[in-house]
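Asker: Below you will find the structure I want to go over with you.
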Amino acid sequence: MLVNIKGTSVLSTFWLFTVAQAAFPDCVSGPLKSNTVCDVSATPLERATALIKLFTLEEKLNNTGNDSPGVPRLGLPPYQWWSEALHGVADSPGVEFSESGDYSIATSFPQPILMGAAFDDELITAVGTVVSTEARAFNNANRTGLDFWTPNINPFRDPRWGRGQETPGEDPFHLSSYVHALIEGLQGSSNDKYKRVVATCKHFAGYDMENWNGNYRYKFDAQIGMQELVEYFLPTFQTCARDSNVGAFMCTYNALNGVPTCADPWLLQTILREHWNWTSEEQWVTSDCDSIQNIFLPHEYTSTREGAAAAALNAGTDIDCGTYYQHHLPKAYEQGLINDTTLTTALVRQYSSLVRLGYFDPPSEQPYRYLNFGDVNTPHAQELAYRAAVEGITLLKNDGLLPLKPGSFKSIALIGEWANATDQMQGNYKGIAPYLHSPLWAAEQLNVTVNYAQGPGGRFDPTTNSWLPVWSAAEKSDVIIYVGGIDNNVESEEKDRVDIGWFPTQLDMIGELAQYEKPVIVVQMGAGQIDSSPIVNNENINALLWAGYPGQDGGVAILDIITGKKAPAGRLPTTQYPANYVSQVPMTDMSLRPGPNNPGRTYMWYTGTPIFEFGFGLHYTNFTASIESATTNTTMTANTTTTDLIATCKALNPPPPYLDRCPFTTLPITITNTGTVTSDYSTLAFLSGSFGPSPRPNKSLVAYQRLHDIAPGESKIAMLNLTLASLSRVDESGNRVLYPGEYRVRIDVGEGVAEWGFTLGGEEVVLDEWPQPPAREGGGETPLGDYFLGDFGSGVDRDEL
């Protein structure tokens, strides 16, 4: 469509779900060869600025969407900014798989929720490296871009959230450590000349609801107090921006405290770019897809469509995933709502990113330009996908049956809607896997008879016609394995759950299988935890494992754990609440602290008794832990004060750039295997105590490290690093504060198997002073009144906003 602006013609390029081929600009003989953008000795900012100076106004406006047409007259090819790689190169507008042969597959790792259960940052860096390697190979074949809209790093606050499978778990420290490791694998070292790919931290911020009781993400206004916003919802994004220098951010569909995040200059400029110093390489922000349109309706934040597009661009949203920018920015420019400086800044940020990726540079200078399909799904990648599944699988119950000993059984009844899973094992945001080894496939590789029956089809299949084969399979078998739970039919993007229990048909079948007086093993699949108390309390059920979405080799990983080829050492990355939790607090209540209608959220604040707590996981062996001594950066005495710690930090050469990153201590934790099975062990350190004002969290994770292959009788040492951030808390204004008081570090969940305590004297010290938001201005009238008011359970009153 042609749109006239003061005598010029602007082509509004509509957002198409097609692949923009990732051809590279010709800096040797093309029109740009003499432009600074092709000068490899110039900085990315200088190069991108020189390029954008060549754009006409209409060319600038045309290139504000994710499906960018480029500038043909300059030899600048089209570029699709939207590619996905959540747990492997994935289907998306910017990714094109071939029908067969080369580039028809990519390694499919487990979903982040299961990889998070490994508590192994080295594993996550290795996975990120493989994903970025395969992404580069696809890019060299013009089958994907170089910018990937991953990871989803919102904390898994509520078990009903449909996209929890995309995240590593519920704890902000765990997620921050995970994402730092992942970005290193995806982008490479900060010292590298070229980024491997650009990662995108999403969704910024306060986003963790899809559609709960008619409360849609597109119109939801997340009301979050400053204290909990800073201490829980934002730490992962701070790590992305300030500490990991991620290349891109994505703002959200929801509003945050009355302002749509893509139109919030406080969030995108004051916090992201200024407070977190996310300006070193002119990184960019993209909208979530069509969230620019949502600023107008249903948020009604602006009174015009042009105003919505302008509000987002002026706030710092550089790319519109959609067509709203191309369609409405021309009139916004004509009306004086945006100016050329702001438009140019957005484009310079985008193309600075491509410069950093080597987009304009000779292939001879770039190691990644030589990658090809031979670097996809290599034996190393296959082994890593398998290892990631094994490391995350978590043993929740075992009466001693597991591991099944070779020769102790001749036949298996393999039952359940996940027993012969294929792409179920991948979850969402998936690509085309080279193979999908289901539990049935893996069982058939054993030297036993396998009797398979699918059984009930889930929540939406209450019929019993398919049950008869189940009883036949159970009667003919020595061991019964039921593999079920939930999947993308009930938890996924745009699908939140309303309950957190097993489906009645599943529990009925599992309960009857337990009456056969045969060994019974239940494997729980899916991301959002479901109340397993009926299984745990049934004495005739011998074992329970949680296996999430385990990826391409998930079935093999599950059977290898069951048969003892591998030992389980995963730990739950989320709390497993009782089923009635969903009746105690609406999903729209964003608060974590307990209140009159809220029993508290996450292990840090929950006041009830969980079915299984965050960090829980059994082993096939026994471990002991001991803390020999703590190596602190200042001599800890009964008189050590907060001021002493700050002085020690500032005396370091060089001092850390931020006080909260000051090292406090390294705790050497000796882990000894006192059992009979070689096993990994994830060492988790939790902090609690009487410091800072009440209410205080139950405890907080402050460090972790996974130790590998600890043999019986062997000891290994985990080195757990604590910083001043580990000791700090956040006050009601969002300031991060170091308080005097009593501190205690415990290793492992429950009562802990080792602990260390210390006292800090002195006065409270602010480590990070939080910028306060301006008074909410609103964007205009709401001509539709209460048309888009929150639905049942939202607790939203427009007059109170």
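Here, A, B, ... name the chains of the structure tokens in the order displayed, residue numbers run from 1 inside each chain, and ligands are numbered from 1 in the same displayed order.
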Name all residues at most 8 Å from Asn542 in chain A (count only C-alpha atoms; drop same-chain ones fewer than 6 positions away) and give them as a list in words.
Answerer: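 Final neighbour list, sorted by chain and number: Lys397, Asn398, Asp399, Gly400, Leu401, Pro519, Val520 and Ile521 of chain A.
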Asker: Filtering to N, CA, C and O atoms, could you give me those residues as a compact mmCIF listing (two decimals), in the first residue's frame?
Answerer:
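out_6.txt written:
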```
# COMPACT_ATOMS: atom_id res chain seq x y z
N LYS A 397 9.89 -40.05 44.11
CA LYS A 397 9.53 -41.11 45.05
C LYS A 397 10.26 -42.39 44.63
O LYS A 397 10.35 -42.69 43.44
N ASN A 398 10.75 -43.13 45.60
CA ASN A 398 11.39 -44.41 45.31
C ASN A 398 11.44 -45.22 46.60
O ASN A 398 12.08 -44.80 47.57
N ASP A 399 10.73 -46.33 46.63
CA ASP A 399 10.73 -47.16 47.83
C ASP A 399 11.84 -48.20 47.83
O ASP A 399 11.87 -49.11 48.66
N GLY A 400 12.76 -48.04 46.89
CA GLY A 400 13.86 -48.98 46.75
C GLY A 400 13.78 -49.83 45.51
O GLY A 400 14.73 -50.56 45.17
N LEU A 401 12.66 -49.74 44.77
CA LEU A 401 12.53 -50.51 43.53
C LEU A 401 13.56 -50.10 42.50
O LEU A 401 14.18 -50.95 41.84
N PRO A 519 5.26 -54.32 40.57
CA PRO A 519 5.97 -53.03 40.66
C PRO A 519 5.35 -52.01 39.71
O PRO A 519 5.10 -52.31 38.54
N VAL A 520 5.09 -50.80 40.22
CA VAL A 520 4.47 -49.73 39.44
C VAL A 520 5.35 -48.48 39.50
O VAL A 520 5.69 -48.01 40.59
N ILE A 521 5.70 -47.96 38.34
CA ILE A 521 6.50 -46.74 38.22
C ILE A 521 5.67 -45.73 37.44
O ILE A 521 5.13 -46.05 36.37
```
Asker: Which residues of range 594-688 of chain A have any atom within 12 Å of an atom in range 572-575 of chain A when counting only C-alpha atoms, and what is the closest pair of atoms for each, with the distance in Å to one decimal? Order the rows by chain and rising number and write it as CSV.
Answerer:
```
residue,atom,partner,partner_atom,distance
A:Gly600,CA,A:Thr575,CA,11.6
A:Arg601,CA,A:Thr575,CA,8.9
A:Thr602,CA,A:Thr575,CA,6.2
A:Tyr603,CA,A:Thr575,CA,6.2
A:Met604,CA,A:Thr575,CA,9.8
A:Trp605,CA,A:Thr575,CA,11.0
A:Tyr606,CA,A:Thr575,CA,9.2
A:Gly608,CA,A:Thr575,CA,11.2
A:Thr609,CA,A:Thr575,CA,10.2
A:Pro610,CA,A:Thr575,CA,6.8
A:Ile611,CA,A:Thr575,CA,8.0
A:Phe612,CA,A:Thr575,CA,6.3
A:Glu613,CA,A:Thr575,CA,4.9
A:Phe614,CA,A:Thr575,CA,4.6
A:Gly615,CA,A:Leu572,CA,4.8
A:Phe616,CA,A:Leu572,CA,5.4
A:Gly617,CA,A:Leu572,CA,6.5
A:Leu618,CA,A:Leu572,CA,10.2
A:Ser682,CA,A:Leu572,CA,11.3
A:Leu684,CA,A:Pro573,CA,11.5
```
Asker: Just N, CA, C and O atoms for this one: save the residues we selected as a PDB file, in the first residue's frame.
Answerer:
```pdb
ATOM      1  N   GLY A 600       0.878 -16.973  49.562  1.00  0.00           N
ATOM      2  CA  GLY A 600       2.271 -16.758  49.184  1.00  0.00           C
ATOM      3  C   GLY A 600       2.639 -17.584  47.972  1.00  0.00           C
ATOM      4  O   GLY A 600       2.043 -18.634  47.698  1.00  0.00           O
ATOM      5  N   ARG A 601       3.623 -17.083  47.225  1.00  0.00           N
ATOM      6  CA  ARG A 601       4.047 -17.754  46.003  1.00  0.00           C
ATOM      7  C   ARG A 601       5.522 -18.106  46.067  1.00  0.00           C
ATOM      8  O   ARG A 601       6.323 -17.378  46.658  1.00  0.00           O
ATOM      9  N   THR A 602       5.883 -19.166  45.398  1.00  0.00           N
ATOM     10  CA  THR A 602       7.227 -19.719  45.305  1.00  0.00           C
ATOM     11  C   THR A 602       7.691 -20.188  46.685  1.00  0.00           C
ATOM     12  O   THR A 602       7.101 -19.855  47.720  1.00  0.00           O
ATOM     13  N   TYR A 603       8.750 -20.969  46.678  1.00  0.00           N
ATOM     14  CA  TYR A 603       9.270 -21.511  47.938  1.00  0.00           C
ATOM     15  C   TYR A 603       9.690 -20.407  48.906  1.00  0.00           C
ATOM     16  O   TYR A 603       9.768 -20.627  50.114  1.00  0.00           O
ATOM     17  N   MET A 604       9.957 -19.215  48.380  1.00  0.00           N
ATOM     18  CA  MET A 604      10.440 -18.135  49.237  1.00  0.00           C
ATOM     19  C   MET A 604       9.357 -17.597  50.153  1.00  0.00           C
ATOM     20  O   MET A 604       9.641 -17.152  51.274  1.00  0.00           O
ATOM     21  N   TRP A 605       8.087 -17.652  49.709  1.00  0.00           N
ATOM     22  CA  TRP A 605       7.027 -16.999  50.466  1.00  0.00           C
ATOM     23  C   TRP A 605       5.821 -17.892  50.762  1.00  0.00           C
ATOM     24  O   TRP A 605       4.936 -17.493  51.515  1.00  0.00           O
ATOM     25  N   TYR A 606       5.766 -19.079  50.216  1.00  0.00           N
ATOM     26  CA  TYR A 606       4.598 -19.931  50.404  1.00  0.00           C
ATOM     27  C   TYR A 606       4.477 -20.353  51.869  1.00  0.00           C
ATOM     28  O   TYR A 606       5.447 -20.828  52.476  1.00  0.00           O
ATOM     29  N   GLY A 608       2.007 -22.520  53.003  1.00  0.00           N
ATOM     30  CA  GLY A 608       1.434 -23.850  53.129  1.00  0.00           C
ATOM     31  C   GLY A 608       2.504 -24.925  53.084  1.00  0.00           C
ATOM     32  O   GLY A 608       3.709 -24.650  53.133  1.00  0.00           O
ATOM     33  N   THR A 609       2.050 -26.168  53.000  1.00  0.00           N
ATOM     34  CA  THR A 609       2.967 -27.306  52.905  1.00  0.00           C
ATOM     35  C   THR A 609       2.970 -27.807  51.465  1.00  0.00           C
ATOM     36  O   THR A 609       1.954 -28.307  50.970  1.00  0.00           O
ATOM     37  N   PRO A 610       4.084 -27.667  50.765  1.00  0.00           N
ATOM     38  CA  PRO A 610       4.118 -28.119  49.367  1.00  0.00           C
ATOM     39  C   PRO A 610       4.096 -29.638  49.280  1.00  0.00           C
ATOM     40  O   PRO A 610       4.499 -30.333  50.233  1.00  0.00           O
ATOM     41  N   ILE A 611       3.644 -30.153  48.157  1.00  0.00           N
ATOM     42  CA  ILE A 611       3.748 -31.588  47.903  1.00  0.00           C
ATOM     43  C   ILE A 611       5.223 -31.952  47.754  1.00  0.00           C
ATOM     44  O   ILE A 611       5.711 -32.896  48.371  1.00  0.00           O
ATOM     45  N   PHE A 612       5.918 -31.177  46.927  1.00  0.00           N
ATOM     46  CA  PHE A 612       7.378 -31.252  46.833  1.00  0.00           C
ATOM     47  C   PHE A 612       7.897 -29.828  46.745  1.00  0.00           C
ATOM     48  O   PHE A 612       7.365 -29.008  45.992  1.00  0.00           O
ATOM     49  N   GLU A 613       8.942 -29.525  47.478  1.00  0.00           N
ATOM     50  CA  GLU A 613       9.458 -28.168  47.487  1.00  0.00           C
ATOM     51  C   GLU A 613      10.469 -27.937  46.369  1.00  0.00           C
ATOM     52  O   GLU A 613      11.035 -28.872  45.805  1.00  0.00           O
ATOM     53  N   PHE A 614      10.649 -26.681  46.048  1.00  0.00           N
ATOM     54  CA  PHE A 614      11.670 -26.269  45.091  1.00  0.00           C
ATOM     55  C   PHE A 614      13.009 -26.870  45.510  1.00  0.00           C
ATOM     56  O   PHE A 614      13.412 -26.808  46.672  1.00  0.00           O
ATOM     57  N   GLY A 615      13.723 -27.459  44.559  1.00  0.00           N
ATOM     58  CA  GLY A 615      15.031 -28.040  44.837  1.00  0.00           C
ATOM     59  C   GLY A 615      15.003 -29.479  45.284  1.00  0.00           C
ATOM     60  O   GLY A 615      16.055 -30.094  45.487  1.00  0.00           O
ATOM     61  N   PHE A 616      13.808 -30.070  45.415  1.00  0.00           N
ATOM     62  CA  PHE A 616      13.722 -31.454  45.867  1.00  0.00           C
ATOM     63  C   PHE A 616      14.128 -32.405  44.755  1.00  0.00           C
ATOM     64  O   PHE A 616      13.805 -32.201  43.592  1.00  0.00           O
ATOM     65  N   GLY A 617      14.823 -33.468  45.112  1.00  0.00           N
ATOM     66  CA  GLY A 617      15.193 -34.500  44.161  1.00  0.00           C
ATOM     67  C   GLY A 617      15.937 -35.615  44.874  1.00  0.00           C
ATOM     68  O   GLY A 617      16.869 -35.352  45.654  1.00  0.00           O
ATOM     69  N   LEU A 618      15.533 -36.851  44.635  1.00  0.00           N
ATOM     70  CA  LEU A 618      16.152 -38.011  45.259  1.00  0.00           C
ATOM     71  C   LEU A 618      17.268 -38.557  44.375  1.00  0.00           C
ATOM     72  O   LEU A 618      17.366 -38.236  43.194  1.00  0.00           O
ATOM     73  N   SER A 682      23.811 -31.995  42.710  1.00  0.00           N
ATOM     74  CA  SER A 682      23.711 -30.542  42.564  1.00  0.00           C
ATOM     75  C   SER A 682      23.687 -29.906  43.943  1.00  0.00           C
ATOM     76  O   SER A 682      22.760 -30.122  44.727  1.00  0.00           O
ATOM     77  N   LEU A 684      23.056 -27.048  46.320  1.00  0.00           N
ATOM     78  CA  LEU A 684      22.254 -25.835  46.394  1.00  0.00           C
ATOM     79  C   LEU A 684      22.484 -25.159  47.738  1.00  0.00           C
ATOM     80  O   LEU A 684      22.414 -25.799  48.781  1.00  0.00           O
TER      81      LEU A 684
END
```
Asker: Write out as JSON, numbers by chain each polymer residue whose atoms come within 12 Å of Gln426 in chain A, counting only C-alpha atoms; drop sequence neighbours fewer than 5 positions from it.
Answerer: {"A": [86, 87, 88, 90, 107, 108, 109, 110, 111, 112, 113, 114, 165, 166, 385, 389, 418, 421, 431, 432, 433, 434, 435, 436, 437, 438, 487, 488, 492, 525, 526, 527, 547, 548, 549, 550, 551, 552, 553, 554, 555]}
Asker: My list of candidates is A:Gly762, A:Gly713, A:Gly128, A:Gly407. Which is closest to Ala381 in chain A when distances are computed with only C-alpha atoms?
Answerer: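 Among the listed residues, A:Gly128 lies closest to Ala381 in chain A.
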Asker: Residues within 12 Å of Ser177 in chain A, please, as a CSV table (one decimal) with all heavy atoms, in the first residue's frame. Count only C-alpha atoms; anything in the same chain fewer than 4 positions from it doesn't count.
Answerer:
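Below is the file part-v1.csv, written as the result:
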```
chain,number,residue,atom,x,y,z
A,116,GLY,N,16.6,-26.5,33.3
A,116,GLY,CA,16.8,-25.8,34.5
A,116,GLY,C,16.9,-26.7,35.7
A,116,GLY,O,17.6,-26.4,36.7
A,119,PHE,N,20.4,-27.8,37.1
A,119,PHE,CA,21.2,-26.8,37.9
A,119,PHE,C,22.7,-27.0,37.5
A,119,PHE,O,23.6,-27.2,38.4
A,119,PHE,CB,21.0,-27.1,39.4
A,119,PHE,CG,19.7,-26.6,39.9
A,119,PHE,CD1,18.6,-27.4,39.9
A,119,PHE,CD2,19.6,-25.3,40.4
A,119,PHE,CE1,17.4,-26.9,40.4
A,119,PHE,CE2,18.3,-24.8,40.8
A,119,PHE,CZ,17.2,-25.6,40.8
A,120,ASP,N,22.9,-26.9,36.2
A,120,ASP,CA,24.3,-27.1,35.7
A,120,ASP,C,24.5,-26.0,34.6
A,120,ASP,O,24.2,-26.2,33.5
A,120,ASP,CB,24.3,-28.5,35.1
A,120,ASP,CG,25.7,-28.9,34.6
A,120,ASP,OD1,26.6,-28.0,34.5
A,120,ASP,OD2,25.9,-30.0,34.2
A,121,ASP,N,25.2,-24.9,35.0
A,121,ASP,CA,25.4,-23.8,34.1
A,121,ASP,C,26.4,-24.2,33.0
A,121,ASP,O,26.3,-23.7,31.9
A,121,ASP,CB,25.9,-22.6,34.9
A,121,ASP,CG,24.9,-22.0,35.7
A,121,ASP,OD1,23.7,-22.3,35.6
A,121,ASP,OD2,25.2,-21.1,36.5
A,122,GLU,N,27.3,-25.1,33.3
A,122,GLU,CA,28.2,-25.5,32.2
A,122,GLU,C,27.5,-26.2,31.1
A,122,GLU,O,27.8,-26.1,29.9
A,122,GLU,CB,29.3,-26.4,32.8
A,122,GLU,CG,30.3,-25.7,33.7
A,122,GLU,CD,31.4,-26.6,34.2
A,122,GLU,OE1,31.4,-27.8,33.9
A,122,GLU,OE2,32.3,-26.1,35.0
A,124,ILE,N,24.4,-25.6,30.3
A,124,ILE,CA,23.6,-24.6,29.6
A,124,ILE,C,24.4,-23.9,28.6
A,124,ILE,O,24.0,-23.6,27.4
A,124,ILE,CB,22.9,-23.7,30.5
A,124,ILE,CG1,22.0,-24.5,31.5
A,124,ILE,CG2,22.1,-22.6,29.8
A,124,ILE,CD1,21.0,-25.5,30.8
A,125,THR,N,25.7,-23.5,28.9
A,125,THR,CA,26.6,-22.9,28.0
A,125,THR,C,26.9,-23.8,26.8
A,125,THR,O,26.9,-23.3,25.6
A,125,THR,CB,27.9,-22.5,28.7
A,125,THR,OG1,27.6,-21.5,29.7
A,125,THR,CG2,28.8,-21.8,27.7
A,153,ILE,N,12.8,-15.5,29.8
A,153,ILE,CA,13.4,-15.6,31.1
A,153,ILE,C,12.6,-15.0,32.2
A,153,ILE,O,13.0,-14.5,33.2
A,153,ILE,CB,14.8,-14.9,31.0
A,153,ILE,CG1,15.8,-15.4,32.0
A,153,ILE,CG2,14.7,-13.4,31.0
A,153,ILE,CD1,16.1,-16.9,31.9
A,168,PRO,N,13.4,-21.6,32.9
A,168,PRO,CA,14.1,-22.6,33.7
A,168,PRO,C,13.5,-22.8,35.1
A,168,PRO,O,14.0,-23.7,35.8
A,168,PRO,CB,15.5,-21.9,33.8
A,168,PRO,CG,15.6,-20.8,32.8
A,168,PRO,CD,14.2,-20.4,32.6
A,169,GLY,N,12.6,-22.0,35.5
A,169,GLY,CA,12.0,-22.3,36.8
A,169,GLY,C,11.5,-21.0,37.5
A,169,GLY,O,11.2,-20.0,36.9
A,171,ASP,N,12.8,-19.4,40.5
A,171,ASP,CA,13.7,-18.7,41.3
A,171,ASP,C,14.5,-17.6,40.5
A,171,ASP,O,15.2,-18.0,39.5
A,171,ASP,CB,14.7,-19.6,42.1
A,171,ASP,CG,15.6,-18.8,42.9
A,171,ASP,OD1,15.2,-18.4,44.0
A,171,ASP,OD2,16.8,-18.6,42.5
A,172,PRO,N,14.5,-16.4,41.0
A,172,PRO,CA,15.2,-15.3,40.2
A,172,PRO,C,16.7,-15.5,40.1
A,172,PRO,O,17.4,-15.2,39.1
A,172,PRO,CB,14.8,-14.0,40.9
A,172,PRO,CG,14.4,-14.4,42.2
A,172,PRO,CD,13.8,-15.8,42.1
A,173,PHE,N,17.4,-16.0,41.2
A,173,PHE,CA,18.8,-16.2,41.1
A,173,PHE,C,19.1,-17.3,40.2
A,173,PHE,O,20.1,-17.2,39.4
A,173,PHE,CB,19.4,-16.5,42.5
A,173,PHE,CG,20.8,-16.9,42.4
A,173,PHE,CD1,21.8,-16.0,42.3
A,173,PHE,CD2,21.2,-18.3,42.4
A,173,PHE,CE1,23.2,-16.3,42.2
A,173,PHE,CE2,22.6,-18.6,42.3
A,173,PHE,CZ,23.5,-17.7,42.2
A,181,ALA,N,24.7,-18.0,31.6
A,181,ALA,CA,25.4,-19.1,31.0
A,181,ALA,C,24.9,-19.3,29.6
A,181,ALA,O,25.7,-19.6,28.6
A,181,ALA,CB,25.2,-20.4,31.8
A,182,LEU,N,23.6,-19.2,29.4
A,182,LEU,CA,23.0,-19.4,28.0
A,182,LEU,C,23.5,-18.4,27.0
A,182,LEU,O,23.9,-18.7,25.9
A,182,LEU,CB,21.5,-19.4,28.1
A,182,LEU,CG,20.8,-19.7,26.8
A,182,LEU,CD1,21.1,-21.1,26.3
A,182,LEU,CD2,19.3,-19.5,27.0
A,183,ILE,N,23.5,-17.1,27.5
A,183,ILE,CA,23.9,-16.0,26.6
A,183,ILE,C,25.4,-16.2,26.1
A,183,ILE,O,25.7,-15.9,25.0
A,183,ILE,CB,23.7,-14.6,27.2
A,183,ILE,CG1,22.1,-14.4,27.3
A,183,ILE,CG2,24.3,-13.5,26.4
A,183,ILE,CD1,21.8,-13.2,28.1
A,184,GLU,N,26.2,-16.7,27.0
A,184,GLU,CA,27.6,-16.9,26.7
A,184,GLU,C,27.7,-17.9,25.6
A,184,GLU,O,28.5,-17.8,24.6
A,184,GLU,CB,28.4,-17.4,27.9
A,184,GLU,CG,29.8,-17.6,27.6
A,184,GLU,CD,30.6,-18.1,28.8
A,184,GLU,OE1,30.1,-18.0,29.9
A,184,GLU,OE2,31.8,-18.6,28.6
A,235,PRO,N,15.3,-9.3,38.2
A,235,PRO,CA,16.7,-9.7,38.3
A,235,PRO,C,17.3,-10.4,37.0
A,235,PRO,O,18.4,-10.2,36.6
A,235,PRO,CB,16.8,-10.6,39.5
A,235,PRO,CG,15.7,-10.0,40.4
A,235,PRO,CD,14.6,-9.6,39.4
A,236,THR,N,16.5,-11.2,36.4
A,236,THR,CA,16.9,-11.9,35.2
A,236,THR,C,17.2,-11.0,34.1
A,236,THR,O,18.2,-11.1,33.3
A,236,THR,CB,15.9,-13.0,34.7
A,236,THR,OG1,14.6,-12.3,34.6
A,236,THR,CG2,15.8,-14.1,35.7
A,237,PHE,N,16.4,-9.9,34.0
A,237,PHE,CA,16.6,-8.9,32.9
A,237,PHE,C,17.8,-8.0,33.2
A,237,PHE,O,18.5,-7.6,32.3
A,237,PHE,CB,15.4,-8.1,32.7
A,237,PHE,CG,14.2,-8.9,32.2
A,237,PHE,CD1,13.2,-9.3,33.0
A,237,PHE,CD2,14.2,-9.4,30.9
A,237,PHE,CE1,12.1,-10.1,32.6
A,237,PHE,CE2,13.1,-10.1,30.4
A,237,PHE,CZ,12.1,-10.5,31.2
A,238,GLN,N,18.1,-7.8,34.5
A,238,GLN,CA,19.3,-7.0,34.8
A,238,GLN,C,20.5,-7.8,34.4
A,238,GLN,O,21.5,-7.3,33.9
A,238,GLN,CB,19.3,-6.8,36.3
A,238,GLN,CG,20.6,-6.1,36.8
A,238,GLN,CD,20.6,-5.8,38.3
A,238,GLN,OE1,20.0,-4.9,38.7
A,238,GLN,NE2,21.3,-6.6,39.1
A,239,THR,N,20.5,-9.1,34.7
A,239,THR,CA,21.6,-10.0,34.3
A,239,THR,C,21.8,-9.9,32.8
A,239,THR,O,22.9,-9.8,32.3
A,239,THR,CB,21.4,-11.4,34.7
A,239,THR,OG1,21.4,-11.4,36.2
A,239,THR,CG2,22.5,-12.3,34.2
A,240,CYS,N,20.7,-10.0,32.0
A,240,CYS,CA,20.7,-10.0,30.6
A,240,CYS,C,21.4,-8.7,30.1
A,240,CYS,O,22.3,-8.7,29.2
A,240,CYS,CB,19.3,-10.0,30.0
A,240,CYS,SG,18.6,-11.7,30.0
A,243,ASP,N,24.9,-7.4,33.0
A,243,ASP,CA,26.0,-8.4,33.3
A,243,ASP,C,26.3,-9.3,32.1
A,243,ASP,O,27.4,-9.9,32.2
A,243,ASP,CB,25.6,-9.2,34.5
A,243,ASP,CG,25.3,-8.3,35.8
A,243,ASP,OD1,25.9,-7.2,35.9
A,243,ASP,OD2,24.4,-8.7,36.6
A,244,SER,N,25.4,-9.4,31.2
A,244,SER,CA,25.7,-10.3,30.1
A,244,SER,C,25.7,-9.7,28.7
A,244,SER,O,26.0,-10.3,27.7
A,244,SER,CB,24.6,-11.4,30.0
A,244,SER,OG,24.6,-12.2,31.3
A,701,LEU,N,17.6,-19.0,47.4
A,701,LEU,CA,18.8,-19.6,46.7
A,701,LEU,C,19.8,-18.6,46.4
A,701,LEU,O,19.5,-17.5,45.8
A,701,LEU,CB,18.3,-20.3,45.4
A,701,LEU,CG,19.4,-21.1,44.7
A,701,LEU,CD1,19.8,-22.4,45.4
A,701,LEU,CD2,18.9,-21.5,43.3
A,702,VAL,N,21.1,-18.8,46.8
A,702,VAL,CA,22.2,-17.8,46.5
A,702,VAL,C,23.3,-18.4,45.8
A,702,VAL,O,24.2,-17.6,45.3
A,702,VAL,CB,22.7,-17.2,47.9
A,702,VAL,CG1,21.6,-16.3,48.5
A,702,VAL,CG2,23.1,-18.3,48.9
A,703,ALA,N,23.4,-19.7,45.6
A,703,ALA,CA,24.5,-20.3,44.8
A,703,ALA,C,24.2,-21.8,44.6
A,703,ALA,O,23.4,-22.4,45.3
A,703,ALA,CB,25.8,-20.2,45.6
A,704,TYR,N,24.7,-22.3,43.5
A,704,TYR,CA,24.6,-23.7,43.2
A,704,TYR,C,25.7,-24.2,42.3
A,704,TYR,O,26.3,-23.4,41.5
A,704,TYR,CB,23.2,-24.1,42.6
A,704,TYR,CG,22.9,-23.4,41.2
A,704,TYR,CD1,23.4,-24.0,40.0
A,704,TYR,CD2,22.2,-22.2,41.2
A,704,TYR,CE1,23.1,-23.4,38.8
A,704,TYR,CE2,21.9,-21.7,39.9
A,704,TYR,CZ,22.4,-22.2,38.8
A,704,TYR,OH,22.1,-21.7,37.5
A,705,GLN,N,26.0,-25.5,42.3
A,705,GLN,CA,27.0,-26.1,41.4
A,705,GLN,C,26.7,-27.6,41.3
A,705,GLN,O,26.5,-28.2,42.3
A,705,GLN,CB,28.4,-25.8,41.8
A,705,GLN,CG,29.5,-26.4,40.8
A,705,GLN,CD,30.9,-26.3,41.4
A,705,GLN,OE1,31.1,-25.6,42.4
A,705,GLN,NE2,31.8,-26.9,40.7
A,721,ASN,N,30.2,-19.4,45.1
A,721,ASN,CA,30.6,-18.0,45.3
A,721,ASN,C,29.4,-17.1,45.7
A,721,ASN,O,28.4,-17.1,45.0
A,721,ASN,CB,31.2,-17.4,43.9
A,721,ASN,CG,32.4,-18.2,43.5
A,721,ASN,OD1,33.3,-18.4,44.3
A,721,ASN,ND2,32.5,-18.6,42.3
```
Asker: Skip Trp467 in chain A itself and residues of its chain fewer than 4 positions away, then list as an MDAnalysis selection string all residues within 8 Å of it, counting only C-alpha atoms.
Answerer: chainID A and resid 455:456 471
